[in-house]
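Source file upload-v6.pdb; content: PDB, C-alpha atoms, pLDDT in the B column.
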MODEL        1
ATOM      1  CA  MET A   1       3.305 -14.408  15.726  1.00 57.00           C
ATOM      2  CA  LYS A   2       5.226 -15.634  12.724  1.00 74.00           C
ATOM      3  CA  ALA A   3       4.650 -13.773   9.461  1.00 84.00           C
ATOM      4  CA  VAL A   4       5.678 -14.663   5.936  1.00 92.00           C
ATOM      5  CA  GLY A   5       5.366 -12.646   2.760  1.00 95.00           C
ATOM      6  CA  TRP A   6       6.125 -12.505  -0.920  1.00 96.00           C
ATOM      7  CA  ALA A   7       6.293  -9.632  -3.402  1.00 96.00           C
ATOM      8  CA  ARG A   8       6.509  -9.307  -7.158  1.00 96.00           C
ATOM      9  CA  SER A   9       5.762  -6.740  -9.844  1.00 96.00           C
ATOM     10  CA  PHE A  10       3.499  -7.620 -12.777  1.00 96.00           C
ATOM     11  CA  PRO A  11       3.706  -5.572 -15.973  1.00 94.00           C
ATOM     12  CA  VAL A  12       0.709  -4.236 -17.852  1.00 92.00           C
ATOM     13  CA  SER A  13       1.314  -6.784 -20.612  1.00 85.00           C
ATOM     14  CA  GLY A  14       0.266 -10.218 -19.386  1.00 78.00           C
ATOM     15  CA  GLY A  15       0.406  -9.528 -15.669  1.00 86.00           C
ATOM     16  CA  VAL A  16      -3.028 -10.784 -14.605  1.00 94.00           C
ATOM     17  CA  ARG A  17      -2.565 -14.430 -15.576  1.00 95.00           C
ATOM     18  CA  ALA A  18       1.006 -14.455 -14.249  1.00 96.00           C
ATOM     19  CA  GLY A  19      -0.186 -12.869 -11.004  1.00 96.00           C
ATOM     20  CA  ARG A  20      -2.792 -15.580 -10.441  1.00 97.00           C
ATOM     21  CA  ARG A  21      -0.292 -18.335 -11.185  1.00 97.00           C
ATOM     22  CA  TRP A  22       2.352 -16.799  -8.903  1.00 97.00           C
ATOM     23  CA  THR A  23      -0.210 -16.351  -6.118  1.00 98.00           C
ATOM     24  CA  ARG A  24      -1.415 -19.963  -6.444  1.00 97.00           C
ATOM     25  CA  GLU A  25       2.155 -21.235  -6.082  1.00 97.00           C
ATOM     26  CA  HIS A  26       2.628 -19.295  -2.849  1.00 97.00           C
ATOM     27  CA  LEU A  27      -0.779 -20.202  -1.451  1.00 97.00           C
ATOM     28  CA  ASP A  28       0.122 -23.873  -1.926  1.00 95.00           C
ATOM     29  CA  THR A  29       2.884 -23.411   0.670  1.00 95.00           C
ATOM     30  CA  LEU A  30       0.389 -22.442   3.393  1.00 94.00           C
ATOM     31  CA  GLU A  31      -1.033 -25.438   5.281  1.00 89.00           C
ATOM     32  CA  TRP A  32      -4.595 -24.160   5.566  1.00 93.00           C
ATOM     33  CA  THR A  33      -5.219 -23.634   1.860  1.00 93.00           C
ATOM     34  CA  GLU A  34      -5.719 -27.335   1.120  1.00 92.00           C
ATOM     35  CA  ASP A  35      -8.787 -27.311   3.377  1.00 92.00           C
ATOM     36  CA  ALA A  36     -10.115 -23.966   2.116  1.00 94.00           C
ATOM     37  CA  PRO A  37     -10.526 -24.145  -1.686  1.00 95.00           C
ATOM     38  CA  GLY A  38     -13.296 -21.517  -1.629  1.00 96.00           C
ATOM     39  CA  THR A  39     -11.050 -19.036   0.154  1.00 97.00           C
ATOM     40  CA  VAL A  40      -8.237 -19.770  -2.302  1.00 97.00           C
ATOM     41  CA  ASP A  41     -10.626 -19.093  -5.210  1.00 97.00           C
ATOM     42  CA  ASP A  42     -11.679 -15.805  -3.575  1.00 97.00           C
ATOM     43  CA  ILE A  43      -8.032 -14.782  -3.156  1.00 98.00           C
ATOM     44  CA  LEU A  44      -7.233 -15.587  -6.793  1.00 98.00           C
ATOM     45  CA  LEU A  45     -10.291 -13.619  -7.957  1.00 96.00           C
ATOM     46  CA  THR A  46      -9.152 -10.655  -5.861  1.00 97.00           C
ATOM     47  CA  VAL A  47      -5.630 -10.819  -7.286  1.00 98.00           C
ATOM     48  CA  SER A  48      -7.092 -10.809 -10.803  1.00 96.00           C
ATOM     49  CA  GLU A  49      -9.377  -7.867 -10.103  1.00 95.00           C
ATOM     50  CA  LEU A  50      -6.782  -5.725  -8.318  1.00 96.00           C
ATOM     51  CA  ILE A  51      -4.072  -6.308 -10.917  1.00 96.00           C
ATOM     52  CA  THR A  52      -6.597  -5.580 -13.682  1.00 93.00           C
ATOM     53  CA  ASN A  53      -7.585  -2.330 -11.941  1.00 92.00           C
ATOM     54  CA  ALA A  54      -3.929  -1.273 -11.703  1.00 94.00           C
ATOM     55  CA  HIS A  55      -3.391  -1.991 -15.392  1.00 94.00           C
ATOM     56  CA  VAL A  56      -6.635  -0.521 -16.738  1.00 91.00           C
ATOM     57  CA  HIS A  57      -7.398   2.433 -14.474  1.00 89.00           C
ATOM     58  CA  ALA A  58      -3.914   3.500 -13.358  1.00 91.00           C
ATOM     59  CA  ARG A  59      -2.201   2.346 -16.582  1.00 93.00           C
ATOM     60  CA  SER A  60       0.497   1.065 -14.283  1.00 94.00           C
ATOM     61  CA  ASP A  61       2.426  -2.050 -13.476  1.00 95.00           C
ATOM     62  CA  ALA A  62       1.028  -3.782 -10.397  1.00 96.00           C
ATOM     63  CA  GLU A  63       3.166  -4.532  -7.361  1.00 97.00           C
ATOM     64  CA  LEU A  64       1.574  -7.506  -5.604  1.00 98.00           C
ATOM     65  CA  VAL A  65       2.433  -8.336  -2.003  1.00 98.00           C
ATOM     66  CA  LEU A  66       1.038 -11.361  -0.158  1.00 98.00           C
ATOM     67  CA  THR A  67       1.475 -11.414   3.614  1.00 97.00           C
ATOM     68  CA  TRP A  68       0.346 -14.209   5.932  1.00 96.00           C
ATOM     69  CA  ASP A  69       0.407 -13.166   9.599  1.00 95.00           C
ATOM     70  CA  SER A  70      -1.045 -16.404  11.051  1.00 92.00           C
ATOM     71  CA  GLN A  71      -4.530 -14.864  11.162  1.00 93.00           C
ATOM     72  CA  CYS A  72      -5.140 -13.146   7.847  1.00 95.00           C
ATOM     73  CA  LEU A  73      -3.740 -13.341   4.345  1.00 97.00           C
ATOM     74  CA  HIS A  74      -3.264  -9.751   3.186  1.00 98.00           C
ATOM     75  CA  VAL A  75      -3.375  -9.257  -0.584  1.00 98.00           C
ATOM     76  CA  SER A  76      -1.967  -5.824  -1.461  1.00 98.00           C
ATOM     77  CA  VAL A  77      -1.641  -4.327  -4.920  1.00 97.00           C
ATOM     78  CA  HIS A  78       0.174  -1.036  -5.417  1.00 97.00           C
ATOM     79  CA  ASP A  79       0.013   1.050  -8.575  1.00 96.00           C
ATOM     80  CA  SER A  80       1.207   4.502  -9.592  1.00 95.00           C
ATOM     81  CA  GLY A  81      -2.285   5.943 -10.097  1.00 93.00           C
ATOM     82  CA  GLY A  82      -3.353   8.826  -7.909  1.00 86.00           C
ATOM     83  CA  GLU A  83      -7.113   8.325  -8.036  1.00 85.00           C
ATOM     84  CA  MET A  84      -8.558   6.367  -5.114  1.00 83.00           C
ATOM     85  CA  PRO A  85     -10.764   3.451  -6.187  1.00 78.00           C
ATOM     86  CA  ALA A  86     -14.357   3.084  -5.077  1.00 69.00           C
ATOM     87  CA  PRO A  87     -16.970   0.442  -5.854  1.00 67.00           C
ATOM     88  CA  ARG A  88     -19.488   1.593  -8.430  1.00 65.00           C
ATOM     89  CA  GLN A  89     -22.800   0.405  -9.758  1.00 68.00           C
ATOM     90  CA  ALA A  90     -22.304  -1.063 -13.212  1.00 60.00           C
ATOM     91  CA  ASP A  91     -25.414  -1.335 -15.341  1.00 63.00           C
ATOM     92  CA  ALA A  92     -26.517  -4.794 -16.436  1.00 60.00           C
ATOM     93  CA  THR A  93     -25.045  -4.449 -19.928  1.00 59.00           C
ATOM     94  CA  ALA A  94     -21.615  -3.172 -18.851  1.00 53.00           C
ATOM     95  CA  THR A  95     -18.685  -5.494 -19.485  1.00 52.00           C
ATOM     96  CA  GLY A  96     -16.686  -4.068 -16.580  1.00 58.00           C
ATOM     97  CA  GLY A  97     -16.981  -1.979 -13.481  1.00 59.00           C
ATOM     98  CA  ARG A  98     -17.610  -4.748 -10.965  1.00 67.00           C
ATOM     99  CA  GLY A  99     -14.072  -5.458  -9.728  1.00 79.00           C
ATOM    100  CA  LEU A 100     -14.192  -3.734  -6.350  1.00 88.00           C
ATOM    101  CA  ALA A 101     -17.758  -4.924  -5.761  1.00 88.00           C
ATOM    102  CA  LEU A 102     -16.440  -8.473  -6.218  1.00 90.00           C
ATOM    103  CA  VAL A 103     -13.529  -7.816  -3.851  1.00 94.00           C
ATOM    104  CA  ASP A 104     -15.966  -6.357  -1.327  1.00 93.00           C
ATOM    105  CA  ALA A 105     -18.150  -9.465  -1.613  1.00 93.00           C
ATOM    106  CA  VAL A 106     -15.395 -12.053  -1.121  1.00 96.00           C
ATOM    107  CA  ALA A 107     -12.832 -10.397   1.206  1.00 97.00           C
ATOM    108  CA  ASP A 108     -13.308 -10.203   4.961  1.00 97.00           C
ATOM    109  CA  HIS A 109     -12.416  -6.536   4.609  1.00 96.00           C
ATOM    110  CA  TRP A 110     -10.438  -4.256   2.315  1.00 96.00           C
ATOM    111  CA  HIS A 111      -9.057  -0.741   2.352  1.00 95.00           C
ATOM    112  CA  THR A 112      -6.956   1.672   0.340  1.00 95.00           C
ATOM    113  CA  HIS A 113      -4.215   4.060   1.295  1.00 93.00           C
ATOM    114  CA  THR A 114      -2.234   6.633  -0.614  1.00 93.00           C
ATOM    115  CA  ARG A 115       1.508   6.641  -0.984  1.00 92.00           C
ATOM    116  CA  PRO A 116       3.737   9.340  -2.439  1.00 93.00           C
ATOM    117  CA  ASP A 117       4.058   7.259  -5.604  1.00 94.00           C
ATOM    118  CA  GLY A 118       0.438   6.104  -5.972  1.00 96.00           C
ATOM    119  CA  LYS A 119      -1.932   3.987  -3.934  1.00 96.00           C
ATOM    120  CA  THR A 120      -2.274   0.514  -2.454  1.00 97.00           C
ATOM    121  CA  VAL A 121      -5.424  -1.578  -2.172  1.00 97.00           C
ATOM    122  CA  THR A 122      -5.292  -4.318   0.470  1.00 98.00           C
ATOM    123  CA  ALA A 123      -7.832  -7.105   1.005  1.00 98.00           C
ATOM    124  CA  CYS A 124      -7.776  -9.452   4.003  1.00 98.00           C
ATOM    125  CA  PHE A 125      -8.812 -13.111   3.972  1.00 98.00           C
ATOM    126  CA  THR A 126      -9.236 -15.111   7.156  1.00 96.00           C
ATOM    127  CA  PRO A 127      -9.279 -18.847   6.521  1.00 91.00           C
ATOM    128  CA  PRO A 128     -12.222 -20.838   7.859  1.00 85.00           C
ATOM    129  CA  VAL A 129     -11.649 -22.585  11.179  1.00 75.00           C
ATOM    130  CA  ARG A 130     -12.066 -26.348  11.115  1.00 63.00           C
ATOM    131  CA  PRO A 131     -14.055 -27.637  14.082  1.00 55.00           C
ATOM    132  CA  GLY A 132     -11.760 -29.729  16.230  1.00 53.00           C
ATOM    133  CA  GLY A 133      -8.875 -29.224  13.835  1.00 50.00           C
ATOM    134  CA  PRO A 134      -5.702 -27.196  14.106  1.00 49.00           C
ATOM    135  CA  GLN A 135      -6.028 -23.465  13.677  1.00 52.00           C
ATOM    136  CA  PRO A 136      -4.687 -21.979  10.428  1.00 55.00           C
TER
ENDMDL
END

Is it possible to give me this structure as structure tokens?
Amino acid sequence: MKAVGWARSFPVSGGVRAGRRWTREHLDTLEWTEDAPGTVDDILLTVSELITNAHVHARSDAELVLTWDSQCLHVSVHDSGGEMPAPRQADATATGGRGLALVDAVADHWHTHTRPDGKTVTACFTPPVRPGGPQP
């Protein structure tokens, strides 16, 4: 199995837009993304939500790591916050509070783990298999 990965830190000021742009550039280097625009959109949404959570809830820069292991694209965001995230029910008038519910809806799976200096949230995306075509 051949794996490839990229990492970059995004500051609280302006990091969400830069994180999406940086992610898009790296996704464009993976062969399967051209045939999976929906999965690419889901990945970019997840990057936005996880970086936003790091900035808003942890008041921390966000360390974004993308790892492609030939089966799954792992999107990991680390922040210095100690509180573990959990999806919550936002009422209909709330302007926020839906980030992890969105990640849960679009990722194949996601999990969190603590580190001595904070926590990391990782979401996995498996590209769709094309019938009769090469595997991603």

Distance criterion (all atoms listed in the file): nearest to Leu44 of chain A out of A:Thr23, A:Thr122, A:Thr112, A:Ser60: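 Smallest separation from Leu44 of chain A among the options: A:Thr23.
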
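Nearest-residue note for Gln71 of chain A: choosing from A:Thr120, A:Thr39, A:Thr126, A:Thr33, the minimum distance belongs to A:Thr126, counting all atoms listed in the file.
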
Nearest-residue call for Arg8 of chain A, choices A:Val106, A:Arg21, A:Ala36, A:Glu63, using only C-alpha atoms: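 Among the listed residues, the smallest separation from Arg8 of chain A belongs to A:Glu63.
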
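For the atom pair formed by atom CA of Thr46 of chain A and atom CA of Trp22 of chain A, the distance is 13.4 Å, given to one decimal.
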
Computed interatomic separation between atom CA of Gly99 of chain A and atom CA of Gly5 of chain A (Å):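 Here the two named atoms are 24.2 Å from each other.
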
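Computed from the coordinates, the atom CA of His55 of chain A to atom CA of Val75 of chain A distance equals 16.5 Å.
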
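Listed by chain and then by number, the residues chosen by the PyMOL selection byres ((chain A and resi 69) around 8) in this file are A:Met1, A:Lys2, A:Ala3, A:Val4, A:Thr67, A:Trp68, A:Ser70, A:Gln71, A:Cys72, A:Leu73.
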
Picked residues, the PyMOL selection byres ((chain A and resi 109-111) around 12), expected as a PyMOL selection string: chain A and resi 46+50+72-77+84-87+100-108+112-114+119-126

Residues selected by the PyMOL selection byres ((chain A and resi 118) around 7), written as a ChimeraX atom specification: /A:79-82,114-117,119

Residue nearest Ile43 of chain A - candidates A:Leu66, A:Ala7, A:Ala18, A:Val12, atoms counted: all atoms listed in the file: A:Leu66
